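Participant: Contents of target-v8.txt (compact mmCIF, C-alpha atoms and all ligand atoms) are given next:
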# COMPACT_ATOMS: atom_id res chain seq x y z
CA MET U 1 38.43 8.08 -14.20
CA CYS U 2 37.16 10.91 -16.33
CA HIS U 3 35.11 13.58 -14.60
CA THR U 4 33.30 16.18 -16.63
CA PRO U 5 33.04 19.19 -14.35
CA SER U 6 29.91 20.20 -12.41
CA VAL U 7 27.30 17.50 -13.11
CA ARG U 8 28.03 14.20 -11.40
CA THR U 9 26.19 10.89 -11.81
CA GLY U 10 24.22 11.60 -8.61
CA GLU U 11 23.00 14.90 -9.96
CA LEU U 12 22.10 13.45 -13.34
CA PHE U 13 20.09 10.85 -11.46
CA ASP U 14 18.31 13.61 -9.55
CA LEU U 15 16.66 14.65 -12.83
CA LEU U 16 15.42 11.12 -13.46
CA ARG U 17 13.74 11.01 -10.06
CA ASP U 18 10.68 12.86 -11.33
CA GLY U 19 9.43 9.50 -12.62
CA ARG U 20 8.98 10.75 -16.17
CA PRO U 21 10.92 9.13 -19.03
CA TRP U 22 13.91 11.05 -20.38
CA THR U 23 15.93 10.66 -23.57
CA ARG U 24 19.73 11.00 -23.63
CA ALA U 25 19.35 14.17 -25.66
CA GLN U 26 17.03 15.71 -23.05
CA LEU U 27 19.43 14.76 -20.27
CA ALA U 28 22.39 16.19 -22.20
CA GLU U 29 20.52 19.43 -22.71
CA ALA U 30 19.37 19.70 -19.08
CA THR U 31 22.83 19.01 -17.66
CA GLY U 32 25.12 20.52 -20.28
CA LEU U 33 26.98 17.20 -20.47
CA ALA U 34 28.20 15.65 -23.70
CA ARG U 35 25.92 12.92 -25.07
CA SER U 36 28.71 10.36 -24.63
CA THR U 37 29.09 11.31 -20.95
CA VAL U 38 25.33 10.99 -20.42
CA THR U 39 25.46 7.51 -21.97
CA MET U 40 28.28 6.50 -19.64
CA ARG U 41 26.46 7.73 -16.55
CA ILE U 42 23.17 6.16 -17.56
CA ASP U 43 25.03 2.84 -17.95
CA THR U 44 26.33 3.21 -14.40
CA LEU U 45 22.83 3.95 -13.07
CA ILE U 46 21.42 0.95 -14.95
CA ARG U 47 24.12 -1.28 -13.44
CA LEU U 48 23.21 0.09 -9.99
CA GLY U 49 19.60 -0.86 -10.77
CA LEU U 50 18.32 2.66 -10.06
CA VAL U 51 17.42 3.45 -13.67
CA ALA U 52 15.79 1.23 -16.25
CA PRO U 53 14.75 1.54 -19.88
CA TYR U 54 11.30 3.11 -19.79
CA GLY U 55 8.32 0.85 -20.34
CA GLY U 56 10.55 -2.19 -19.90
CA ALA U 57 11.68 -1.85 -23.54
CA ARG U 58 14.89 -3.83 -23.96
CA SER U 59 17.41 -2.85 -26.57
CA THR U 60 17.07 -4.76 -29.81
CA GLY U 61 19.64 -5.35 -32.51
CA GLY U 62 22.33 -3.56 -30.54
CA ARG U 63 20.42 -0.28 -30.63
CA PRO U 64 20.30 1.25 -27.15
CA PRO U 65 16.85 1.98 -25.67
CA ALA U 66 15.73 5.54 -26.19
CA LEU U 67 13.95 6.37 -22.92
CA PHE U 68 15.05 6.03 -19.31
CA ALA U 69 13.34 6.51 -15.94
CA LEU U 70 13.76 5.80 -12.25
CA ASN U 71 13.30 2.12 -11.50
CA PRO U 72 11.22 2.22 -8.30
CA SER U 73 11.35 -1.51 -7.70
CA ALA U 74 15.17 -1.58 -7.64
CA LYS U 75 15.31 -1.47 -3.86
CA LEU U 76 13.09 -1.67 -0.79
CA VAL U 77 12.85 0.51 2.28
CA VAL U 78 10.93 0.07 5.53
CA GLY U 79 9.22 2.99 7.26
CA VAL U 80 8.38 2.61 10.95
CA ASP U 81 6.04 4.78 13.02
CA VAL U 82 6.54 4.29 16.74
CA GLY U 83 3.77 5.96 18.77
CA ALA U 84 3.17 6.10 22.51
CA THR U 85 1.19 2.85 22.59
CA HIS U 86 1.41 1.43 19.08
CA ALA U 87 3.88 0.77 16.31
CA ARG U 88 3.34 0.39 12.60
CA ALA U 89 5.71 -0.53 9.79
CA ALA U 90 5.40 -0.44 6.01
CA LEU U 91 7.59 -2.00 3.35
CA THR U 92 7.67 0.21 0.25
CA ASP U 93 9.44 0.51 -3.08
CA LEU U 94 11.43 3.61 -4.01
CA ASP U 95 8.26 5.38 -5.11
CA GLY U 96 6.66 4.94 -1.67
CA ARG U 97 4.25 2.27 -2.91
CA ILE U 98 3.27 0.06 0.04
CA LEU U 99 4.15 -3.63 -0.49
CA GLY U 100 3.34 -4.87 3.00
CA GLU U 101 2.33 -3.53 6.42
CA ALA U 102 2.40 -4.63 10.04
CA ASP U 103 0.92 -3.27 13.29
CA ALA U 104 1.51 -3.93 16.96
CA GLN U 105 0.20 -2.72 20.29
CA ILE U 106 3.50 -1.92 21.95
CA GLU U 107 4.36 0.74 24.52
CA VAL U 108 7.30 2.98 23.65
CA ALA U 109 7.86 3.11 27.42
CA ALA U 110 8.73 -0.61 27.31
CA GLY U 111 12.15 0.61 26.14
CA PRO U 112 14.41 0.30 23.09
CA ASP U 113 15.15 -3.43 23.39
CA GLU U 114 11.52 -4.41 23.16
CA VAL U 115 10.45 -1.84 20.56
CA LEU U 116 13.50 -2.22 18.30
CA GLY U 117 13.28 -6.00 18.73
CA TRP U 118 9.81 -5.75 17.19
CA VAL U 119 11.21 -3.59 14.38
CA ILE U 120 13.97 -6.14 13.61
CA GLU U 121 11.50 -9.03 13.45
CA THR U 122 8.99 -7.04 11.42
CA VAL U 123 11.54 -5.92 8.82
CA ARG U 124 12.52 -9.56 8.31
CA ASP U 125 8.87 -10.69 8.03
CA LEU U 126 7.85 -7.91 5.65
CA VAL U 127 10.75 -8.49 3.28
CA ALA U 128 10.20 -12.27 3.34
CA GLY U 129 6.45 -11.76 2.77
CA SER U 130 7.14 -9.69 -0.33
CA GLY U 131 9.17 -12.50 -1.92
CA ARG U 132 12.28 -10.28 -2.09
CA LYS U 133 15.71 -10.80 -0.53
CA ILE U 134 16.99 -8.92 2.51
CA ASP U 135 19.86 -7.68 0.29
CA ASP U 136 17.26 -5.56 -1.51
CA LEU U 137 16.69 -3.54 1.67
CA ALA U 138 18.31 -0.14 1.11
CA ALA U 139 17.37 1.82 4.26
CA ILE U 140 15.10 2.03 7.29
CA GLY U 141 13.28 5.21 8.36
CA ILE U 142 11.86 5.57 11.86
CA GLY U 143 9.67 8.17 13.56
CA LEU U 144 9.70 8.40 17.35
CA PRO U 145 7.26 10.24 19.65
CA GLY U 146 9.82 12.67 21.09
CA PRO U 147 12.72 14.98 20.25
CA VAL U 148 15.39 13.34 18.07
CA GLU U 149 18.84 14.53 17.04
CA HIS U 150 18.45 13.63 13.37
CA SER U 151 22.20 13.62 12.57
CA THR U 152 22.88 10.83 15.10
CA GLY U 153 19.40 9.27 15.27
CA ARG U 154 19.39 9.57 19.04
CA PRO U 155 16.33 10.67 21.06
CA ILE U 156 17.19 13.59 23.37
CA ASN U 157 15.39 13.81 26.75
CA PRO U 158 12.15 12.39 25.35
CA PRO U 159 9.46 12.92 28.01
CA ILE U 160 7.35 9.79 27.36
CA MET U 161 10.20 7.41 26.44
CA PRO U 162 12.02 6.15 29.56
CA GLY U 163 15.25 4.32 28.70
CA TRP U 164 15.60 6.00 25.29
CA ASP U 165 17.56 9.14 26.20
CA ARG U 166 20.53 9.36 23.79
CA TYR U 167 20.01 5.71 22.82
CA ASP U 168 21.83 4.71 19.63
CA VAL U 169 18.78 3.66 17.59
CA PRO U 170 20.65 3.34 14.24
CA GLY U 171 23.45 1.33 15.88
CA HIS U 172 20.96 -1.15 17.36
CA LEU U 173 19.32 -1.82 13.98
CA ARG U 174 22.54 -1.72 11.95
CA ALA U 175 23.94 -4.57 14.04
CA VAL U 176 21.34 -6.71 12.25
CA TYR U 177 20.71 -4.83 8.99
CA PRO U 178 23.82 -3.03 7.67
CA VAL U 179 21.87 -0.25 5.91
CA PRO U 180 21.39 3.46 6.65
CA VAL U 181 18.88 4.09 9.46
CA LEU U 182 17.25 7.53 9.51
CA VAL U 183 15.43 8.67 12.65
CA ASP U 184 13.25 11.72 13.20
CA ASN U 185 10.37 12.87 15.39
CA ASP U 186 6.81 11.84 14.58
CA VAL U 187 5.62 15.28 13.48
CA ASN U 188 8.43 15.78 10.98
CA ILE U 189 7.77 12.42 9.36
CA MET U 190 4.01 13.13 9.23
CA ALA U 191 4.78 16.30 7.24
CA LEU U 192 6.97 14.28 4.84
CA GLY U 193 4.29 11.58 4.53
CA GLU U 194 1.43 13.98 3.84
CA ARG U 195 3.50 15.76 1.21
CA ARG U 196 4.67 12.59 -0.52
CA ALA U 197 1.20 11.03 -0.57
CA PHE U 198 -0.94 14.00 -1.54
CA MET U 199 1.03 17.22 -2.08
CA ARG U 200 4.20 16.48 -4.00
CA GLU U 201 3.85 19.75 -5.86
CA VAL U 202 3.66 21.80 -2.62
CA ASP U 203 7.06 23.14 -1.56
CA ASP U 204 5.96 25.20 1.44
CA LEU U 205 3.86 23.20 3.83
CA VAL U 206 3.37 23.00 7.57
CA LEU U 207 1.76 20.01 9.26
CA ILE U 208 0.49 20.65 12.77
CA LYS U 209 -0.19 17.61 14.91
CA VAL U 210 -2.83 18.25 17.56
CA ALA U 211 -3.06 15.29 19.91
CA THR U 212 -1.81 14.78 23.48
CA GLY U 213 0.75 17.43 22.57
CA ILE U 214 1.05 19.99 19.79
CA GLY U 215 3.93 20.22 17.32
CA ALA U 216 4.66 21.12 13.72
CA GLY U 217 6.68 19.70 10.85
CA ILE U 218 7.85 22.50 8.59
CA VAL U 219 8.74 22.08 4.91
CA THR U 220 10.02 25.19 3.11
CA GLY U 221 11.42 25.24 -0.40
CA GLY U 222 10.71 21.52 -0.56
CA VAL U 223 13.06 20.76 2.34
CA LEU U 224 12.13 19.66 5.85
CA GLN U 225 13.41 22.25 8.33
CA ARG U 226 14.80 20.84 11.56
CA GLY U 227 16.64 23.88 12.87
CA ALA U 228 20.02 23.94 14.59
CA ARG U 229 19.26 21.21 17.15
CA GLY U 230 16.17 19.61 15.66
CA THR U 231 13.58 21.43 17.74
CA ALA U 232 12.11 23.57 14.94
CA GLY U 233 8.32 23.41 14.93
CA ASP U 234 7.84 23.02 18.67
CA LEU U 235 4.66 25.09 18.70
CA GLY U 236 3.30 23.48 21.85
CA HIS U 237 5.20 25.79 24.16
CA VAL U 238 4.52 29.07 22.42
CA ARG U 239 2.50 31.33 24.73
CA VAL U 240 -1.05 32.28 23.74
CA ARG U 241 -2.99 35.25 25.15
CA ASN U 242 -5.31 35.28 28.17
CA ASN U 243 -4.13 32.00 29.68
CA ASP U 244 -1.45 33.09 32.14
CA ASP U 245 -3.15 31.21 34.98
CA ILE U 246 -2.67 27.85 33.21
CA VAL U 247 0.55 26.02 34.10
CA CYS U 248 2.10 23.77 31.43
CA ARG U 249 3.99 20.54 32.07
CA CYS U 250 7.12 22.40 30.94
CA GLY U 251 6.82 24.77 33.93
CA ASN U 252 5.82 27.87 31.98
CA THR U 253 2.34 29.35 31.89
CA GLY U 254 -0.07 29.89 29.02
CA CYS U 255 1.57 27.41 26.62
CA LEU U 256 -0.54 26.47 23.57
CA GLU U 257 -0.31 22.78 24.51
CA ALA U 258 -1.66 23.43 28.03
CA VAL U 259 -4.63 25.26 26.49
CA ALA U 260 -5.49 23.46 23.25
CA ALA U 261 -4.13 19.88 23.25
CA GLY U 262 -6.28 16.80 23.93
CA PRO U 263 -6.04 16.66 27.75
CA ALA U 264 -6.84 20.39 28.10
CA LEU U 265 -9.90 20.04 25.86
CA ALA U 266 -11.14 17.00 27.77
CA ALA U 267 -10.79 18.98 31.03
CA ALA U 268 -12.64 21.96 29.55
CA VAL U 269 -15.49 19.71 28.41
CA ARG U 270 -15.67 18.01 31.83
CA ALA U 271 -15.82 21.38 33.56
CA GLN U 272 -19.07 21.97 31.65
CA GLY U 273 -20.60 18.70 32.76
CA GLU U 274 -19.84 16.38 29.84
CA ASP U 275 -17.92 13.13 30.16
CA ALA U 276 -14.50 13.09 28.43
CA LYS U 277 -11.17 11.65 29.50
CA THR U 278 -9.10 12.16 26.35
CA GLY U 279 -8.94 14.23 23.19
CA GLY U 280 -10.44 11.24 21.40
CA ASP U 281 -13.50 11.44 23.67
CA VAL U 282 -13.86 15.13 22.79
CA VAL U 283 -13.78 14.28 19.07
CA ASP U 284 -16.48 11.65 19.65
CA LEU U 285 -18.64 14.23 21.46
CA VAL U 286 -18.22 16.71 18.59
CA ARG U 287 -19.26 14.04 16.11
CA GLY U 288 -22.21 13.19 18.31
CA GLY U 289 -23.39 16.80 18.14
CA SER U 290 -22.38 18.08 21.61
CA LEU U 291 -22.58 21.89 21.54
CA VAL U 292 -20.28 22.09 24.57
CA ALA U 293 -17.56 20.06 22.85
CA MET U 294 -18.00 22.02 19.61
CA ALA U 295 -17.50 25.32 21.42
CA VAL U 296 -14.44 24.02 23.26
CA VAL U 297 -12.88 22.72 20.02
CA ARG U 298 -13.63 25.97 18.22
CA GLN U 299 -11.89 27.97 20.97
CA ALA U 300 -8.92 25.58 20.77
CA GLY U 301 -8.87 26.30 17.04
CA ARG U 302 -8.70 30.06 17.73
CA ASP U 303 -5.80 29.54 20.16
CA ILE U 304 -3.95 27.31 17.70
CA GLY U 305 -4.78 29.84 14.98
CA GLU U 306 -3.08 32.60 16.94
CA VAL U 307 0.22 30.71 16.73
CA VAL U 308 -0.43 29.64 13.13
CA ALA U 309 -1.02 33.31 12.22
CA THR U 310 2.41 34.27 13.56
CA MET U 311 3.98 31.33 11.78
CA THR U 312 2.20 32.25 8.54
CA ASN U 313 3.66 35.74 8.74
CA LEU U 314 7.11 34.30 9.43
CA ILE U 315 7.41 31.57 6.82
CA ASN U 316 4.49 32.06 4.39
CA PRO U 317 3.40 28.45 3.78
CA SER U 318 0.93 27.68 0.97
CA VAL U 319 -0.72 24.83 2.89
CA VAL U 320 -1.27 24.26 6.61
CA VAL U 321 -2.31 20.66 7.31
CA ILE U 322 -3.91 19.79 10.63
CA GLY U 323 -3.19 16.20 11.68
CA GLY U 324 -3.27 14.10 14.83
CA GLN U 325 -6.22 12.89 16.86
CA LEU U 326 -7.99 16.26 17.19
CA ALA U 327 -8.05 16.66 13.39
CA GLY U 328 -11.00 14.27 13.71
CA ALA U 329 -13.05 17.27 14.93
CA GLY U 330 -12.76 18.52 11.33
CA GLU U 331 -14.45 21.77 10.39
CA HIS U 332 -15.09 22.80 14.00
CA LEU U 333 -11.35 22.98 14.65
CA LEU U 334 -10.51 24.41 11.22
CA ALA U 335 -13.10 27.19 11.58
CA GLY U 336 -11.45 28.44 14.78
CA ILE U 337 -7.99 28.28 13.23
CA ARG U 338 -9.08 30.14 10.09
CA GLU U 339 -10.81 32.79 12.19
CA SER U 340 -7.55 33.75 13.95
CA VAL U 341 -5.33 33.33 10.92
CA TYR U 342 -7.39 35.55 8.60
CA GLN U 343 -7.70 38.14 11.35
CA ARG U 344 -4.03 38.29 12.24
CA SER U 345 -1.97 37.32 9.19
CA LEU U 346 -1.05 39.64 6.35
CA PRO U 347 -3.49 39.52 3.40
CA LEU U 348 -0.78 38.58 0.91
CA ALA U 349 0.27 35.64 3.10
CA THR U 350 -3.30 34.28 3.40
CA GLU U 351 -4.56 35.06 -0.10
CA HIS U 352 -3.82 31.56 -1.41
CA LEU U 353 -3.26 29.85 1.94
CA ARG U 354 -5.10 26.54 2.32
CA ILE U 355 -5.87 25.24 5.83
CA VAL U 356 -6.98 21.62 5.63
CA THR U 357 -7.14 18.42 7.66
CA SER U 358 -4.72 15.59 6.92
CA ARG U 359 -5.75 13.18 4.16
CA ALA U 360 -3.07 10.64 4.99
CA GLY U 361 -4.42 10.45 8.56
CA GLY U 362 -3.08 7.45 10.47
CA GLU U 363 -0.85 6.52 7.50
CA ALA U 364 0.98 9.88 7.40
CA ALA U 365 3.73 8.88 9.82
CA VAL U 366 4.55 5.50 8.30
CA LEU U 367 4.52 6.96 4.76
CA GLY U 368 6.78 9.76 5.99
CA ALA U 369 9.23 7.34 7.60
CA SER U 370 9.44 5.54 4.26
CA ALA U 371 9.89 8.91 2.49
CA LEU U 372 12.74 9.78 4.86
CA ALA U 373 14.50 6.54 3.92
CA ILE U 374 13.81 6.99 0.17
CA GLU U 375 15.10 10.57 0.19
CA HIS U 376 18.35 9.29 1.63
CA VAL U 377 18.74 6.35 -0.76
CA LEU U 378 18.06 8.51 -3.83
CA SER U 379 20.00 11.60 -2.71
CA PRO U 380 22.66 12.77 -5.18
CA ASP U 381 25.50 12.19 -2.69
CA VAL U 382 24.50 8.61 -1.90
CA VAL U 383 24.01 7.76 -5.59
CA GLU U 384 27.35 9.40 -6.38
CA ALA U 385 29.10 7.34 -3.69
CA ALA U 386 27.55 4.14 -5.09
CA SER U 387 28.67 4.99 -8.63
CA GLU U 388 32.20 5.78 -7.42
CA ALA U 389 32.33 2.46 -5.56
CA LEU U 390 31.27 0.72 -8.77
CA ALA U 391 33.98 2.54 -10.77
CA ALA U 392 36.59 1.59 -8.15
CA ALA U 393 35.53 -2.06 -8.32
CA ASP U 394 35.76 -1.93 -12.13
CA ALA U 395 39.24 -0.41 -11.98
CA LYS U 396 40.39 -3.08 -9.54
CA ALA U 397 38.98 -5.88 -11.70
CA GLU U 398 40.68 -4.43 -14.75
CA ALA U 399 44.02 -4.16 -12.94
CA GLU U 400 43.75 -7.81 -11.90
CA ALA U 401 42.89 -8.86 -15.44
CA GLN U 402 45.98 -6.98 -16.71
CA ARG U 403 48.19 -8.69 -14.14
CA SER U 404 46.97 -12.13 -15.10
CA LEU U 405 47.85 -11.56 -18.77
ZN ZN U 501 4.89 24.50 27.95
Show me this structure written as structure tokens.

Facilitator:
Amino acid sequence: MCHTPSVRTGELFDLLRDGRPWTRAQLAEATGLARSTVTMRIDTLIRLGLVAPYGGARSTGGRPPALFALNPSAKLVVGVDVGATHARAALTDLDGRILGEADAQIEVAAGPDEVLGWVIETVRDLVAGSGRKIDDLAAIGIGLPGPVEHSTGRPINPPIMPGWDRYDVPGHLRAVYPVPVLVDNDVNIMALGERRAFMREVDDLVLIKVATGIGAGIVTGGVLQRGARGTAGDLGHVRVRNNDDIVCRCGNTGCLEAVAAGPALAAAVRAQGEDAKTGGDVVDLVRGGSLVAMAVVRQAGRDIGEVVATMTNLINPSVVVIGGQLAGAGEHLLAGIRESVYQRSLPLATEHLRIVTSRAGGEAAVLGASALAIEHVLSPDVVEAASEALAAADAKAEAEAQRSL
């Protein structure tokens, strides 16, 4: 097998992932490869189905087609968003286009057998419903509502997921579908989903989920940051000022989550005589014009903003997206966040900083789970491995043909 140094098939493919059509000459120039080598690698990618002649133009009269691009319909992935009391799945192509969706009211606390049983059935139904074969399934991405060790796909001490601690989620699914299974926490996949759907050009983005808890998914330099053990972005237990009398479920005092997440806001609203049991009730009150709820949400925004200001100074994002249930309070929450951030972050860091609510909303997680799977399937290393497997199969077939002569 001939290997031109430095640029492998997987890396050549990485260029084609931008969705634009490329000519061989452009690819040769961008990679420094000889035109003949580019041709060979493009042929491999076409055989793998990942690349197709652009515009569906077939070669005529033996002349090879001039333009090539990623072939998004080559394979399918399924993204799954498992929440506390619901689950949602989406079948997508390699561009993240949704081909089918399914929903269920299912408690994550029912345990892995029940929840993953639903996933197994739903994957089968979605693929069948699309008219494609199960062999076209290339990967499954899953978001879970708790801490996950991404490298193994196992949840680690998840507080609201009894029976899931260190459970082998990929192993369970791979027993039925022998494809890669990527698992991450819900906030990380929401950040991926928001970016893929609406902000592909943004390389430095933080998504903060404000719901029953508070957490962040951090993308810097275009890459999701998980940290050493996958706990990066756990903003909920950062201490905020003037709340040392408030005890958090983690045992510490003054945690952001104990002050500004849904249950805390509902309690604050109740203390002032309004009726609210959950963060969702608080959002409804804000929308209904309750001044009490508006003031409570605005203060929560200031508290969240205090932590966002520190984070802005640390990692200098260009967009901060607020997602989760409380994002429904819209401008009232954003105003409080902006107030603290502009007061406490450095001017250069905030000059072009956008603080916005999620556009993907309830779809962010499922789109992100699909994005997680797509990123894996299209990664240079995975494409390289597939092209090497193809070359090995070719070599074996050739050796057999020689023997039979
Ligand atoms: Zn805490």

Participant: Please indicate the distance in Å from atom CA of Gly79 of chain U to atom CA of Gly153 of chain U, rounded to one decimal place.

Facilitator: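 Taking atom CA of Gly79 of chain U as the start and atom CA of Gly153 of chain U as the end point, the length is 14.4 Å.
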
Participant: Could you please extract the residues within 8 Å of ligand ZN 501 (chain U), counting all atoms listed in the file, and hand them back as a list in words?

Facilitator: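 Final answer, ordered by chain and number: Gly236, His237, Val238, Arg239, Val247, Cys248, Arg249, Cys250, Gly251, Asn252, Thr253, Gly254, Cys255, Leu256, Glu257 and Ala258 of chain U.
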
Participant: Go ahead and compute the interatomic distance for atom CA of Ala385 of chain U and atom CA of Arg154 of chain U, in Å to one decimal.

Facilitator: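 If I compute the distance from atom CA of Ala385 of chain U to atom CA of Arg154 of chain U, I get 24.8 Å.
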
Participant: Segment 316-334 of chain U, all listed atoms, 3 Å padding on each side: what axis-aligned box centre and edge lengths in Å to one decimal come out, as AutoDock Vina command-line options?

Facilitator:
--center_x -5.3 --center_y 22.5 --center_z 9.1 --size_x 25.6 --size_y 25.2 --size_z 22.2

Participant: I want to know what sits within 8 Å of Ile322 of chain U, based on only C-alpha atoms, with residues of the same chain fewer than 6 positions away left out; could you give that as an mmCIF file with C-alpha atoms, in the coordinates of the input?

Facilitator:
data_model
loop_
_atom_site.group_PDB
_atom_site.id
_atom_site.type_symbol
_atom_site.label_atom_id
_atom_site.label_comp_id
_atom_site.auth_asym_id
_atom_site.auth_seq_id
_atom_site.Cartn_x
_atom_site.Cartn_y
_atom_site.Cartn_z
ATOM 1 C CA LEU U 207 1.760 20.010 9.260
ATOM 2 C CA ILE U 208 0.490 20.650 12.770
ATOM 3 C CA LYS U 209 -0.190 17.610 14.910
ATOM 4 C CA VAL U 210 -2.830 18.250 17.560
ATOM 5 C CA ILE U 355 -5.870 25.240 5.830
ATOM 6 C CA VAL U 356 -6.980 21.620 5.630
ATOM 7 C CA THR U 357 -7.140 18.420 7.660
ATOM 8 C CA SER U 358 -4.720 15.590 6.920
#

Participant: Name the residues in contact with segment 365-367 of chain U at a cut-off of 10 Å, using all atoms listed in the file, excluding same-chain residues fewer than 3 positions from it; report them as a PyMOL selection string.

Facilitator: chain U and resi 78-83+87-92+96-98+101+141-144+185-197+360-362+370-372

Participant: May I ask for the distance between atom CA of Gly10 of chain U and atom CA of Asn71 of chain U, given in Å to one decimal place?

Facilitator: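 Going from atom CA of Gly10 of chain U over to atom CA of Asn71 of chain U, I get 14.7 Å.
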
Participant: Can you work out which one of U:Ser73, U:Leu67, U:Ala175, U:Gly19 has the shortest atom-to-atom distance to Thr39 of chain U, counting all atoms listed in the file?

Facilitator: U:Leu67

Participant: If you count only C-alpha atoms, which residues fall within 10 Å of Gln343 of chain U, apart from same-chain ones fewer than 6 positions away, as a ChimeraX atom specification?

Facilitator: /U:305-306,309,350

Participant: Please identify all polymer residues within 10 Å of Ile304 of chain U, counting all atoms listed in the file, omitting same-chain residues fewer than 6 positions from it, and present them as a PDB file with C-alpha atoms, in the frame of the given file.

Facilitator:
ATOM      1  CA  ILE U 208       0.490  20.650  12.770  1.00  0.00           C
ATOM      2  CA  VAL U 210      -2.830  18.250  17.560  1.00  0.00           C
ATOM      3  CA  ILE U 214       1.050  19.990  19.790  1.00  0.00           C
ATOM      4  CA  LEU U 235       4.660  25.090  18.700  1.00  0.00           C
ATOM      5  CA  GLY U 236       3.300  23.480  21.850  1.00  0.00           C
ATOM      6  CA  VAL U 238       4.520  29.070  22.420  1.00  0.00           C
ATOM      7  CA  VAL U 240      -1.050  32.280  23.740  1.00  0.00           C
ATOM      8  CA  LEU U 256      -0.540  26.470  23.570  1.00  0.00           C
ATOM      9  CA  GLU U 257      -0.310  22.780  24.510  1.00  0.00           C
ATOM     10  CA  VAL U 259      -4.630  25.260  26.490  1.00  0.00           C
ATOM     11  CA  ALA U 260      -5.490  23.460  23.250  1.00  0.00           C
ATOM     12  CA  ALA U 261      -4.130  19.880  23.250  1.00  0.00           C
ATOM     13  CA  ARG U 298     -13.630  25.970  18.220  1.00  0.00           C
ATOM     14  CA  LEU U 333     -11.350  22.980  14.650  1.00  0.00           C
ATOM     15  CA  LEU U 334     -10.510  24.410  11.220  1.00  0.00           C
ATOM     16  CA  GLY U 336     -11.450  28.440  14.780  1.00  0.00           C
ATOM     17  CA  ILE U 337      -7.990  28.280  13.230  1.00  0.00           C
ATOM     18  CA  ARG U 338      -9.080  30.140  10.090  1.00  0.00           C
ATOM     19  CA  SER U 340      -7.550  33.750  13.950  1.00  0.00           C
ATOM     20  CA  VAL U 341      -5.330  33.330  10.920  1.00  0.00           C
TER      21      VAL U 341
END

Participant: Looking at U:Thr212, U:Ile120, U:Trp22, U:Ile315, which one is nearest to Arg174 of chain U, with distances taken over only C-alpha atoms?

Facilitator: U:Ile120

Participant: Hey, which of U:Ala335, U:Met199, U:Val223, U:Leu285 ends up closest to Arg302 of chain U? Count all atoms listed in the file.

Facilitator: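 Between U:Ala335, U:Met199, U:Val223, U:Leu285, the residue approaching Arg302 of chain U most closely is U:Ala335.
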
Participant: Using all atoms listed in the file, which residue out of U:Leu137, U:Ile218, U:Leu116, U:Gln225 lies closest to Asp168 of chain U?

Facilitator: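 Result for the nearest residue to Asp168 of chain U: U:Leu116.
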